[in-house]
$ cat structure34.txt   # compact mmCIF, C-alpha atoms
# COMPACT_ATOMS: atom_id res chain seq x y z
CA MET H 1 -48.28 -66.44 41.56
CA VAL H 2 -46.86 -66.66 38.10
CA ARG H 3 -49.66 -64.47 36.76
CA SER H 4 -49.18 -61.83 39.41
CA CYS H 5 -45.45 -61.61 38.65
CA LEU H 6 -45.77 -61.59 34.88
CA PRO H 7 -46.52 -57.89 34.32
CA PRO H 8 -43.62 -56.65 36.49
CA LEU H 9 -41.36 -59.17 34.82
CA LEU H 10 -42.38 -58.02 31.37
CA LEU H 11 -41.88 -54.41 32.42
CA VAL H 12 -38.39 -55.19 33.61
CA LEU H 13 -37.58 -56.99 30.37
CA VAL H 14 -38.92 -54.06 28.31
CA LEU H 15 -36.88 -51.57 30.34
CA LEU H 16 -33.77 -53.72 30.00
CA PHE H 17 -34.33 -54.03 26.26
CA ALA H 18 -34.86 -50.28 25.87
CA ALA H 19 -31.80 -49.51 27.95
CA GLY H 20 -29.77 -52.00 25.96
CA HIS H 21 -31.06 -50.58 22.69
CA TYR H 22 -30.24 -47.02 23.74
CA ALA H 23 -26.83 -48.11 24.95
CA THR H 24 -26.22 -49.80 21.59
CA VAL H 25 -27.23 -46.65 19.73
CA SER H 26 -25.08 -44.47 21.97
CA ALA H 27 -22.14 -46.83 21.78
CA SER H 28 -22.34 -46.91 18.04
CA SER H 29 -21.70 -43.15 17.89
CA SER H 30 -23.50 -43.08 14.55
CA SER H 31 -25.42 -39.88 14.00
CA VAL H 32 -27.23 -37.87 11.36
CA TYR H 33 -27.80 -34.13 11.26
CA ARG H 34 -30.73 -33.13 9.04
CA THR H 35 -31.46 -29.60 7.82
CA ILE H 36 -34.75 -28.95 6.04
CA THR H 37 -35.36 -25.75 4.10
CA ALA H 38 -39.10 -25.79 3.54
CA GLU H 39 -40.78 -23.58 0.95
CA PRO H 40 -44.24 -24.07 -0.57
CA TYR H 41 -42.64 -24.76 -3.98
CA PHE H 42 -39.84 -27.10 -2.85
CA GLN H 43 -38.19 -28.64 0.19
CA ILE H 44 -34.43 -29.16 0.48
CA TYR H 45 -33.21 -31.98 2.76
CA GLU H 46 -29.52 -31.97 3.65
CA ASP H 47 -28.31 -34.96 5.68
CA GLN H 48 -24.85 -35.24 7.18
CA PHE H 49 -24.15 -38.86 8.16
CA ASN H 50 -21.33 -39.83 10.54
CA LEU H 51 -21.22 -43.62 10.85
CA ALA H 52 -19.42 -45.64 13.49
CA THR H 53 -18.21 -48.11 10.87
CA ALA H 54 -17.52 -47.83 7.18
CA HIS H 55 -20.17 -49.05 4.74
CA GLY H 56 -20.02 -50.08 1.12
CA ASN H 57 -23.52 -48.68 0.62
CA TYR H 58 -26.24 -47.14 2.72
CA THR H 59 -30.02 -46.81 2.38
CA VAL H 60 -32.19 -43.85 3.34
CA SER H 61 -35.97 -43.79 2.86
CA PHE H 62 -38.68 -41.13 2.49
CA VAL H 63 -42.45 -41.50 2.80
CA LEU H 64 -43.97 -39.51 -0.09
CA PRO H 65 -47.43 -38.96 -1.60
CA TYR H 66 -46.18 -39.67 -5.15
CA PRO H 67 -42.96 -40.90 -6.74
CA GLN H 68 -42.91 -37.62 -8.71
CA SER H 69 -42.35 -35.82 -5.41
CA LEU H 70 -38.64 -36.58 -5.77
CA TYR H 71 -37.12 -33.72 -7.74
CA SER H 72 -33.43 -34.60 -7.44
CA VAL H 73 -30.95 -36.37 -5.17
CA LYS H 74 -27.15 -36.12 -4.92
CA ALA H 75 -24.63 -37.59 -2.51
CA TYR H 76 -21.07 -36.50 -1.74
CA GLY H 77 -18.22 -38.25 0.01
CA PRO H 78 -15.91 -36.73 2.64
CA ASP H 79 -13.66 -35.37 -0.14
CA ASN H 80 -16.73 -33.76 -1.80
CA SER H 81 -16.63 -36.27 -4.66
CA GLU H 82 -20.06 -37.19 -6.01
CA LEU H 83 -21.37 -40.65 -5.08
CA LYS H 84 -23.79 -42.81 -7.05
CA VAL H 85 -27.39 -42.94 -5.81
CA TYR H 86 -29.98 -45.53 -6.89
CA VAL H 87 -33.71 -44.85 -6.45
CA SER H 88 -36.56 -47.32 -5.95
CA TRP H 89 -40.25 -46.76 -5.26
CA ASP H 90 -42.63 -48.98 -3.26
CA ALA H 91 -46.14 -48.03 -4.38
CA THR H 92 -47.79 -50.14 -1.66
CA GLU H 93 -46.10 -48.32 1.21
CA GLY H 94 -45.54 -45.00 -0.56
CA ASN H 95 -41.89 -45.45 0.28
CA LEU H 96 -38.98 -44.01 -1.72
CA THR H 97 -35.64 -45.69 -1.02
CA LEU H 98 -32.27 -44.17 -1.87
CA LEU H 99 -29.26 -46.50 -2.04
CA VAL H 100 -26.00 -44.57 -1.73
CA GLU H 101 -22.72 -46.16 -2.81
CA THR H 102 -20.50 -44.82 -0.04
CA ASN H 103 -17.38 -46.59 -1.38
CA GLY H 104 -16.31 -47.61 2.12
CA ALA H 105 -16.63 -44.13 3.60
CA SER H 106 -17.90 -43.67 7.15
CA SER H 107 -19.33 -40.21 6.45
CA PHE H 108 -21.21 -38.67 3.54
CA ASN H 109 -23.67 -35.89 2.65
CA LEU H 110 -27.03 -36.51 1.04
CA LYS H 111 -28.97 -33.65 -0.59
CA THR H 112 -32.55 -34.40 -1.59
CA ILE H 113 -35.00 -31.93 -3.15
CA LEU H 114 -38.73 -32.69 -3.03
CA HIS H 115 -41.72 -30.95 -4.61
CA TYR H 116 -45.46 -31.60 -5.11
CA THR H 117 -45.83 -31.93 -1.32
CA THR H 118 -47.76 -28.70 -0.64
CA THR H 119 -51.49 -28.10 -0.88
CA HIS H 120 -53.45 -24.97 -0.10
CA SER H 121 -56.94 -23.72 0.59
CA ASN H 122 -57.43 -19.97 0.32
CA SER H 123 -54.39 -18.51 2.10
CA THR H 124 -53.58 -21.57 4.27
CA TYR H 125 -50.84 -23.89 3.03
CA SER H 126 -49.96 -27.40 4.22
CA THR H 127 -46.56 -28.98 3.53
CA PHE H 128 -45.87 -32.66 4.20
CA LEU H 129 -42.40 -33.33 5.64
CA ASN H 130 -40.12 -36.21 6.62
CA LEU H 131 -38.72 -34.81 9.87
CA TYR H 132 -36.04 -37.48 10.35
CA PRO H 133 -34.52 -40.05 7.97
CA THR H 134 -35.95 -43.54 7.85
CA LEU H 135 -32.97 -45.91 8.28
CA GLU H 136 -32.18 -49.61 8.65
CA GLU H 137 -30.35 -49.08 11.92
CA GLY H 138 -30.81 -47.14 15.13
CA MET H 139 -29.14 -43.77 15.27
CA GLU H 140 -29.10 -40.44 17.07
CA ALA H 141 -30.56 -37.61 15.00
CA SER H 142 -30.72 -33.83 15.15
CA LEU H 143 -33.04 -31.62 13.12
CA VAL H 144 -33.14 -27.98 12.05
CA LEU H 145 -36.24 -26.99 10.07
CA PHE H 146 -36.42 -23.56 8.43
CA PRO H 147 -40.09 -22.73 7.74
CA PRO H 148 -41.19 -20.98 4.53
CA SER H 149 -40.00 -17.41 4.01
CA ASP H 150 -42.64 -14.70 4.55
CA SER H 151 -45.00 -17.16 6.22
CA VAL H 152 -46.86 -17.27 9.54
CA LEU H 153 -46.85 -20.71 11.14
CA ILE H 154 -50.20 -21.88 12.50
CA GLU H 155 -49.48 -25.59 13.09
CA THR H 156 -46.14 -27.29 13.83
CA PRO H 157 -45.01 -30.66 15.27
CA GLU H 158 -45.25 -30.69 19.05
CA ASN H 159 -41.82 -32.25 19.56
CA LEU H 160 -39.99 -29.33 17.92
CA THR H 161 -38.89 -26.10 19.58
CA LEU H 162 -38.91 -22.65 17.99
CA ALA H 163 -35.46 -21.05 17.84
CA SER H 164 -33.45 -18.48 15.87
CA ILE H 165 -30.47 -19.61 13.78
CA GLY H 166 -28.45 -17.11 11.79
CA GLY H 167 -31.16 -14.52 12.36
CA LYS H 168 -33.83 -16.76 10.83
CA PRO H 169 -36.64 -18.56 12.68
CA ALA H 170 -36.21 -22.33 12.89
CA LEU H 171 -37.76 -25.40 14.48
CA VAL H 172 -35.21 -27.67 16.17
CA GLY H 173 -35.36 -31.12 17.74
CA THR H 174 -33.51 -34.34 18.51
CA ALA H 175 -34.54 -38.00 18.42
CA VAL H 176 -33.22 -41.51 18.80
CA LEU H 177 -34.20 -43.25 15.58
CA GLU H 178 -35.38 -46.83 15.55
CA PRO H 179 -34.79 -49.03 12.50
CA SER H 180 -37.34 -48.63 9.68
CA VAL H 181 -39.51 -46.13 11.59
CA ALA H 182 -40.70 -43.06 9.70
CA HIS H 183 -41.13 -39.64 11.28
CA ASN H 184 -43.62 -37.66 9.23
CA ALA H 185 -45.43 -34.43 9.99
CA THR H 186 -47.30 -31.57 8.33
CA ILE H 187 -46.73 -27.89 8.94
CA LYS H 188 -49.46 -25.35 8.21
CA TYR H 189 -48.92 -21.67 7.56
CA THR H 190 -50.45 -18.63 5.95
CA GLY H 191 -49.04 -16.34 3.28
CA SER H 192 -49.25 -15.36 -0.36
CA PHE H 193 -47.48 -17.88 -2.60
CA GLU H 194 -47.66 -19.15 -6.17
CA LEU H 195 -47.37 -22.94 -6.37
CA ILE H 196 -45.28 -23.00 -9.52
CA GLU H 197 -41.85 -24.10 -10.63
CA ILE H 198 -39.56 -22.81 -13.39
CA SER H 199 -38.38 -25.54 -15.74
CA ALA H 200 -36.34 -23.11 -17.88
CA LEU H 201 -35.35 -19.46 -17.44
CA GLU H 202 -33.22 -17.13 -19.56
CA HIS H 203 -32.34 -14.09 -17.45
CA ARG H 204 -30.91 -11.41 -19.79
CA VAL H 205 -29.53 -8.16 -18.35
CA SER H 206 -28.70 -5.41 -20.90
CA VAL H 207 -26.69 -2.41 -19.71
CA GLY H 208 -27.63 0.97 -21.19
CA HIS H 209 -26.52 4.54 -20.53
CA ASP H 210 -28.83 5.25 -17.58
CA ARG H 211 -31.12 2.20 -17.61
CA VAL H 212 -30.75 -1.55 -17.33
CA THR H 213 -33.20 -3.61 -19.39
CA VAL H 214 -34.11 -7.06 -18.07
CA THR H 215 -35.62 -9.68 -20.38
CA ASP H 216 -36.75 -12.90 -18.66
CA THR H 217 -37.98 -15.74 -20.86
CA ILE H 218 -39.86 -18.14 -18.57
CA GLN H 219 -41.21 -21.66 -18.86
CA LEU H 220 -43.21 -22.46 -15.74
CA VAL H 221 -44.97 -25.55 -14.38
CA ASN H 222 -48.20 -25.62 -12.37
CA LEU H 223 -47.59 -27.36 -9.00
CA ASN H 224 -51.17 -26.88 -7.83
CA THR H 225 -53.64 -29.73 -7.55
CA SER H 226 -56.06 -27.59 -9.60
CA SER H 227 -55.81 -25.45 -12.73
CA ILE H 228 -54.60 -21.84 -12.69
CA SER H 229 -55.29 -18.93 -15.07
CA LYS H 230 -52.84 -16.29 -13.78
CA VAL H 231 -49.62 -15.89 -11.84
CA THR H 232 -48.38 -13.02 -9.68
CA PHE H 233 -44.77 -11.87 -9.29
CA ARG H 234 -43.28 -9.12 -7.13
CA LEU H 235 -41.03 -6.96 -9.31
CA PRO H 236 -38.13 -4.86 -7.98
CA GLU H 237 -38.81 -1.33 -6.79
CA GLY H 238 -38.30 1.27 -9.52
CA THR H 239 -39.43 -1.03 -12.34
CA SER H 240 -40.78 0.71 -15.45
CA LEU H 241 -41.86 -0.01 -19.05
CA VAL H 242 -43.20 -3.47 -18.33
CA LYS H 243 -44.08 -5.70 -21.28
CA VAL H 244 -45.30 -9.31 -21.32
CA TYR H 245 -45.64 -11.39 -24.47
CA ASP H 246 -45.52 -14.95 -25.75
CA SER H 247 -45.10 -16.52 -29.19
CA ILE H 248 -48.56 -15.26 -30.22
CA SER H 249 -48.63 -11.61 -29.15
CA TYR H 250 -48.61 -9.32 -26.13
CA MET H 251 -50.37 -10.66 -23.01
CA SER H 252 -52.64 -8.76 -20.66
CA TYR H 253 -51.52 -8.02 -17.11
CA THR H 254 -52.18 -5.77 -14.14
CA LEU H 255 -49.52 -3.92 -12.19
CA ASN H 256 -50.44 -2.93 -8.65
CA GLY H 257 -47.41 -1.16 -7.21
CA SER H 258 -44.67 -3.76 -7.65
CA GLU H 259 -47.07 -6.74 -7.91
CA LEU H 260 -47.41 -7.95 -11.48
CA THR H 261 -50.28 -10.33 -12.26
CA VAL H 262 -50.00 -11.99 -15.67
CA ASN H 263 -53.15 -13.41 -17.24
CA LEU H 264 -52.19 -16.70 -18.90
CA ARG H 265 -53.27 -17.39 -22.46
CA THR H 266 -55.20 -20.52 -21.36
CA ARG H 267 -55.97 -22.28 -18.09
CA LEU H 268 -53.03 -24.37 -16.95
CA LEU H 269 -53.80 -27.84 -15.59
CA PRO H 270 -51.70 -29.49 -12.84
CA THR H 271 -48.16 -30.37 -14.05
CA GLU H 272 -48.75 -28.48 -17.35
CA LYS H 273 -46.28 -25.92 -18.68
CA THR H 274 -46.54 -22.54 -20.36
CA SER H 275 -43.99 -20.01 -21.63
CA PHE H 276 -43.84 -16.22 -21.95
CA THR H 277 -41.34 -13.34 -21.82
CA LEU H 278 -41.25 -10.56 -19.26
CA VAL H 279 -39.42 -7.29 -20.07
CA TYR H 280 -38.84 -4.38 -17.71
CA GLU H 281 -36.37 -1.58 -17.03
CA LEU H 282 -34.51 -0.61 -13.86
CA PRO H 283 -32.47 2.47 -12.98
CA ALA H 284 -28.81 1.80 -13.69
CA SER H 285 -27.94 3.09 -10.22
CA SER H 286 -29.80 0.14 -8.66
CA MET H 287 -27.46 -2.41 -10.28
CA LEU H 288 -24.27 -0.60 -11.25
CA GLY H 289 -21.41 0.40 -8.98
CA SER H 290 -17.79 1.39 -9.41
CA GLN H 291 -14.53 -0.11 -8.27
CA GLU H 292 -10.99 0.92 -9.24
CA ALA H 293 -12.14 3.15 -12.11
CA LYS H 294 -14.31 0.37 -13.56
CA THR H 295 -18.06 -0.04 -13.66
CA VAL H 296 -19.37 -3.15 -11.88
CA LEU H 297 -22.69 -4.86 -12.61
CA SER H 298 -23.59 -7.27 -9.81
CA GLY H 299 -26.61 -9.25 -8.68
CA ASP H 300 -28.09 -12.69 -8.08
CA PHE H 301 -28.29 -15.37 -10.74
CA LEU H 302 -32.05 -15.39 -10.20
CA PRO H 303 -34.10 -12.24 -10.87
CA GLN H 304 -35.62 -10.68 -7.79
CA TRP H 305 -39.15 -11.85 -8.60
CA CYS H 306 -38.08 -15.52 -8.77
CA ARG H 307 -38.56 -17.30 -5.44
CA TYR H 308 -38.95 -20.64 -7.16
CA LEU H 309 -36.94 -23.71 -8.04
CA VAL H 310 -35.32 -23.34 -11.48
CA ARG H 311 -34.28 -26.51 -13.24
CA SER H 312 -32.29 -24.89 -16.08
CA LEU H 313 -30.97 -21.32 -15.90
CA LEU H 314 -29.12 -19.24 -18.50
CA LEU H 315 -27.79 -15.87 -17.33
CA VAL H 316 -26.76 -13.41 -20.06
CA VAL H 317 -25.17 -10.00 -19.42
CA GLU H 318 -25.06 -7.65 -22.42
CA LEU H 319 -22.53 -4.80 -22.50
CA PRO H 320 -22.41 -2.02 -25.13
CA LYS H 321 -19.96 -2.50 -28.01
CA GLY H 322 -16.75 -0.67 -27.23
CA SER H 323 -16.68 -1.63 -23.57
CA SER H 324 -13.17 -2.64 -22.57
CA GLU H 325 -11.30 -4.48 -19.81
CA VAL H 326 -14.27 -6.82 -19.31
CA SER H 327 -13.88 -9.21 -16.36
CA ALA H 328 -16.63 -11.79 -15.77
CA PRO H 329 -15.51 -14.79 -13.65
CA GLY H 330 -17.53 -17.90 -14.49
CA PHE H 331 -18.89 -16.42 -17.72
CA GLU H 332 -18.16 -17.16 -21.35
CA ILE H 333 -17.49 -13.83 -23.08
CA THR H 334 -18.41 -13.31 -26.75
CA ASN H 335 -17.82 -10.16 -28.82
CA GLY H 336 -20.69 -9.60 -31.22
CA SER H 337 -21.20 -7.04 -33.96
CA SER H 338 -23.15 -4.64 -31.76
CA LEU H 339 -22.58 -5.79 -28.16
CA ILE H 340 -20.53 -7.99 -25.82
CA GLU H 341 -22.25 -11.04 -24.31
CA CYS H 342 -21.30 -12.75 -21.03
CA ARG H 343 -23.08 -16.11 -20.58
CA ALA H 344 -23.28 -18.51 -17.60
CA GLN H 345 -25.41 -21.60 -16.98
CA ALA H 346 -26.63 -23.36 -13.84
CA SER H 347 -29.17 -26.00 -12.84
CA ASP H 348 -31.41 -26.71 -9.84
CA VAL H 349 -31.09 -23.13 -8.61
CA THR H 350 -33.14 -21.70 -5.74
CA PRO H 351 -32.96 -18.41 -3.81
CA HIS H 352 -31.17 -20.46 -1.12
CA SER H 353 -28.37 -21.45 -3.53
CA GLY H 354 -26.58 -18.15 -2.86
CA MET H 355 -25.42 -17.81 -6.47
CA THR H 356 -24.24 -14.27 -7.27
CA TYR H 357 -22.23 -12.68 -10.09
CA ALA H 358 -20.15 -9.59 -10.80
CA VAL H 359 -19.12 -8.25 -14.21
CA SER H 360 -16.67 -5.33 -14.30
CA PHE H 361 -15.82 -3.24 -17.38
CA VAL H 362 -14.78 0.16 -18.64
CA PRO H 363 -17.82 1.65 -20.39
CA ALA H 364 -17.69 2.47 -24.07
CA PRO H 365 -17.34 6.16 -25.00
CA ALA H 366 -20.69 7.88 -25.32
CA SER H 367 -21.96 7.01 -28.78
CA ILE H 368 -24.66 8.46 -31.01
CA SER H 369 -26.59 6.50 -33.58
CA VAL H 370 -25.85 6.98 -37.30
CA GLY H 371 -29.33 8.34 -37.92
CA THR H 372 -28.86 10.98 -35.23
CA ILE H 373 -25.51 11.98 -36.72
CA VAL H 374 -26.98 12.37 -40.25
CA LEU H 375 -29.92 14.39 -38.98
CA ALA H 376 -27.64 16.65 -36.94
CA ALA H 377 -25.37 17.19 -40.00
CA ILE H 378 -28.35 18.16 -42.19
CA MET H 379 -29.65 20.60 -39.57
CA LEU H 380 -26.20 22.13 -39.10
CA ALA H 381 -25.73 22.57 -42.87
CA ALA H 382 -29.14 24.22 -43.17
CA ALA H 383 -28.37 26.60 -40.30
CA LEU H 384 -25.00 27.57 -41.80
CA ALA H 385 -26.58 28.16 -45.21
CA LEU H 386 -29.23 30.42 -43.68
CA ILE H 387 -26.62 32.45 -41.78
CA ALA H 388 -24.46 32.83 -44.90
CA TYR H 389 -27.47 33.97 -46.93
CA LEU H 390 -28.44 36.60 -44.40
CA LEU H 391 -24.87 37.93 -44.18
CA MET H 392 -24.51 38.12 -47.96
CA LYS H 393 -27.83 39.84 -48.33
CA ARG H 394 -26.90 42.35 -45.68
CA ARG H 395 -23.65 43.17 -47.47
CA GLY H 396 -25.38 43.69 -50.79
CA PHE H 397 -24.12 40.62 -52.56
CA PHE H 398 -27.48 40.15 -54.15
CA LYS H 399 -27.64 43.67 -55.91
CA LYS H 400 -27.54 43.55 -59.74
CA PRO H 401 -24.35 44.90 -61.37
CA PRO H 402 -24.58 48.43 -63.02
CA SER H 403 -24.33 47.05 -66.59
CA GLN H 404 -27.50 45.28 -66.08
CA LEU H 405 -29.35 48.21 -64.57
CA PRO H 406 -32.03 49.83 -66.80
CA PRO H 407 -31.19 53.36 -68.16
CA PRO H 408 -32.31 56.15 -65.92
CA ALA H 409 -35.69 57.58 -66.76
CA GLN H 410 -35.58 60.74 -69.09
CA PRO H 411 -37.66 63.73 -68.07
CA ALA H 412 -40.69 64.23 -70.27
CA PRO H 413 -40.28 67.06 -72.88
CA PRO H 414 -42.32 70.18 -72.10
CA PRO H 415 -45.48 70.54 -74.09
CA PRO H 416 -45.18 72.76 -77.20
CA ALA H 417 -46.11 76.44 -76.76
CA PRO H 418 -49.49 77.35 -78.22
CA LYS H 419 -49.41 79.13 -81.52
CA ARG H 420 -50.36 82.84 -81.47
CA PRO H 421 -52.71 83.94 -84.17
CA ARG H 422 -51.23 86.32 -86.71
CA PRO H 423 -52.70 89.78 -86.81
CA ARG H 424 -54.70 90.70 -89.91
CA ARG H 425 -53.40 93.45 -92.07

$ encode --input "structure34.txt" --output "structure tokens"
Amino acid sequence: MVRSCLPPLLLVLVLLFAAGHYATVSASSSSVYRTITAEPYFQIYEDQFNLATAHGNYTVSFVLPYPQSLYSVKAYGPDNSELKVYVSWDATEGNLTLLVETNGASSFNLKTILHYTTTHSNSTYSTFLNLYPTLEEGMEASLVLFPPSDSVLIETPENLTLASIGGKPALVGTAVLEPSVAHNATIKYTGSFELIEISALEHRVSVGHDRVTVTDTIQLVNLNTSSISKVTFRLPEGTSLVKVYDSISYMSYTLNGSELTVNLRTRLLPTEKTSFTLVYELPASSMLGSQEAKTVLSGDFLPQWCRYLVRSLLLVVELPKGSSEVSAPGFEITNGSSLIECRAQASDVTPHSGMTYAVSFVPAPASISVGTIVLAAIMLAAALALIAYLLMKRRGFFKKPPSQLPPPAQPAPPPPAPKRPRPRR
């Protein structure tokens, strides 16, 4: 009798426990809203926590393949002040724990950037994700996952639904989180991507009369699990006069339409770095506009070819000497001997950062180089001298004066008459 009643009794107890647990979670009103921006080169996790009670600190965990997969983490309080975050790694469980000092706040934002979580075979890429946070308490959770740009999804978690948010495809879902339970998944997709990262980039934009010259000095890191010998970038339309060089000499490359493939000096092993400089020109009309009688140069902090995570970025805008009324919000402006420099710095920049700039100025008067001026002066002087010579010659200025003319030629005297013989007497 006891045996026959045991299973139903256990079932009732389990249902009561589950109902009580769900009621506790619902009553707590604690929630987290996670947004994941997934790219092959990086993944950005943004968590908005709203807690039922204030905490002095709070822990959030990630399951990761390596501790190096953590790129950066920052936390912000409700007043947008930055909070301290402490990181610990459990090698046995592959668990990365973040301890956030919330300073008694009941809400905070956590932004975590991961990398080294994507592998690929041919044109198929696999990215490992933490769909929901791993927490020490039960909580309601919502998820929005933006898949990689320019990709075609071929495998996604079954518990997520495809939707469109802000005109972009997204996978959405909800869950009731249990304490210390991880929610991991892998998405697979196809596309053409370079698994690299930019550790340092100087993006220099030089304004000319009808062209804009871009000089990008790049230090990149190999994120692949194997070595690479070349990298491919997509340059802007209208690019011309491409040059690639490093500290040794010019480097070989191929340009197929707008796709630039740079042959690296040596094979690059996983996590290794290499540096080179890319130079190209663009039509001024593609970057310059006008507003209130001033010329405006505008664009993104990152060059168009850069779809990657940039740890350290220096943006430099060069204007011709003589430009006036320069306005460059967020830039440090320096007047040099031959040009005006506007410089701005940023870190941990991605195409999703939305960082743009605008520099307005009144262009310098059209100028000509000193060499051109000297050459033009010499040619003008020669032309004037030739004209003067021809005019003077035409007017007889080069005839010799009469005093210097030779005497006129005298006619030859007639020959003497022949003598007649005298007659003989």

$ closest_residue --input "structure34.txt" --among "H:Ile154, H:Leu309, H:Ile113, H:Val144" --to "Glu197 of chain H" --atoms "all atoms listed in the file"
H:Leu309

$ residues_around --input "structure34.txt" --residues "segment 340-354 of chain H" --least-positions-apart "6" --cutoff "9 Å" --atoms "all atoms listed in the file" --output "MDAnalysis selection string"
chainID H and resid 37 72 300:302 306:323 328 330:334

$ closest_residue --input "structure34.txt" --among "H:Leu282, H:Val32, H:Leu96, H:Val60" --to "Ser206 of chain H" --atoms "only C-alpha atoms"
H:Leu282

$ residues_around --input "structure34.txt" --residues "Ile218 of chain H" --least-positions-apart "3" --cutoff "9 Å" --atoms "all atoms listed in the file" --output "PDB file with C-alpha atoms, in the coordinates of the input"
ATOM      1  CA  ILE H 198     -39.560 -22.810 -13.390  1.00  0.00           C
ATOM      2  CA  SER H 199     -38.380 -25.540 -15.740  1.00  0.00           C
ATOM      3  CA  ALA H 200     -36.340 -23.110 -17.880  1.00  0.00           C
ATOM      4  CA  LEU H 201     -35.350 -19.460 -17.440  1.00  0.00           C
ATOM      5  CA  GLU H 202     -33.220 -17.130 -19.560  1.00  0.00           C
ATOM      6  CA  HIS H 203     -32.340 -14.090 -17.450  1.00  0.00           C
ATOM      7  CA  THR H 274     -46.540 -22.540 -20.360  1.00  0.00           C
ATOM      8  CA  SER H 275     -43.990 -20.010 -21.630  1.00  0.00           C
ATOM      9  CA  PHE H 276     -43.840 -16.220 -21.950  1.00  0.00           C
ATOM     10  CA  THR H 277     -41.340 -13.340 -21.820  1.00  0.00           C
ATOM     11  CA  LEU H 278     -41.250 -10.560 -19.260  1.00  0.00           C
TER      12      LEU H 278
END

$ closest_residue --input "structure34.txt" --among "H:Ser123, H:Ser149, H:Asn95, H:Ser249" --to "Thr190 of chain H" --atoms "only C-alpha atoms"
H:Ser123

$ residues_near_point --input "structure34.txt" --point "(-46.7, -31.3, -5.1)" --cutoff "8 Å" --atoms "only C-alpha atoms" --output "PyMOL selection string"
chain H and resi 41+69+115-119+223-225

$ atom_distance --input "structure34.txt" --atom1 "atom CA of Ser106 of chain H" --atom2 "atom CA of Val63 of chain H"
25.0 Å

$ residues_near_point --input "structure34.txt" --point "(-30.2, -33.5, 17.2)" --cutoff "6 Å" --atoms "all atoms listed in the file" --output "JSON, numbers by chain"
{"H": [141, 142, 143, 173, 174]}

$ closest_residue --input "structure34.txt" --among "H:Trp89, H:Phe62, H:Phe49, H:Tyr253" --to "Asn184 of chain H" --atoms "only C-alpha atoms"
H:Phe62

$ atom_distance --input "structure34.txt" --atom1 "atom CA of Val231 of chain H" --atom2 "atom CA of Phe193 of chain H"
9.7 Å

$ residues_around --input "structure34.txt" --residues "segment 175-183 of chain H" --least-positions-apart "6" --cutoff "6 Å" --atoms "all atoms listed in the file" --output "list in words"
Asn130, Leu131, Tyr132, Thr134, Leu135, Glu136, Glu137, Gly138, Met139, Glu140 and Ala141 of chain H
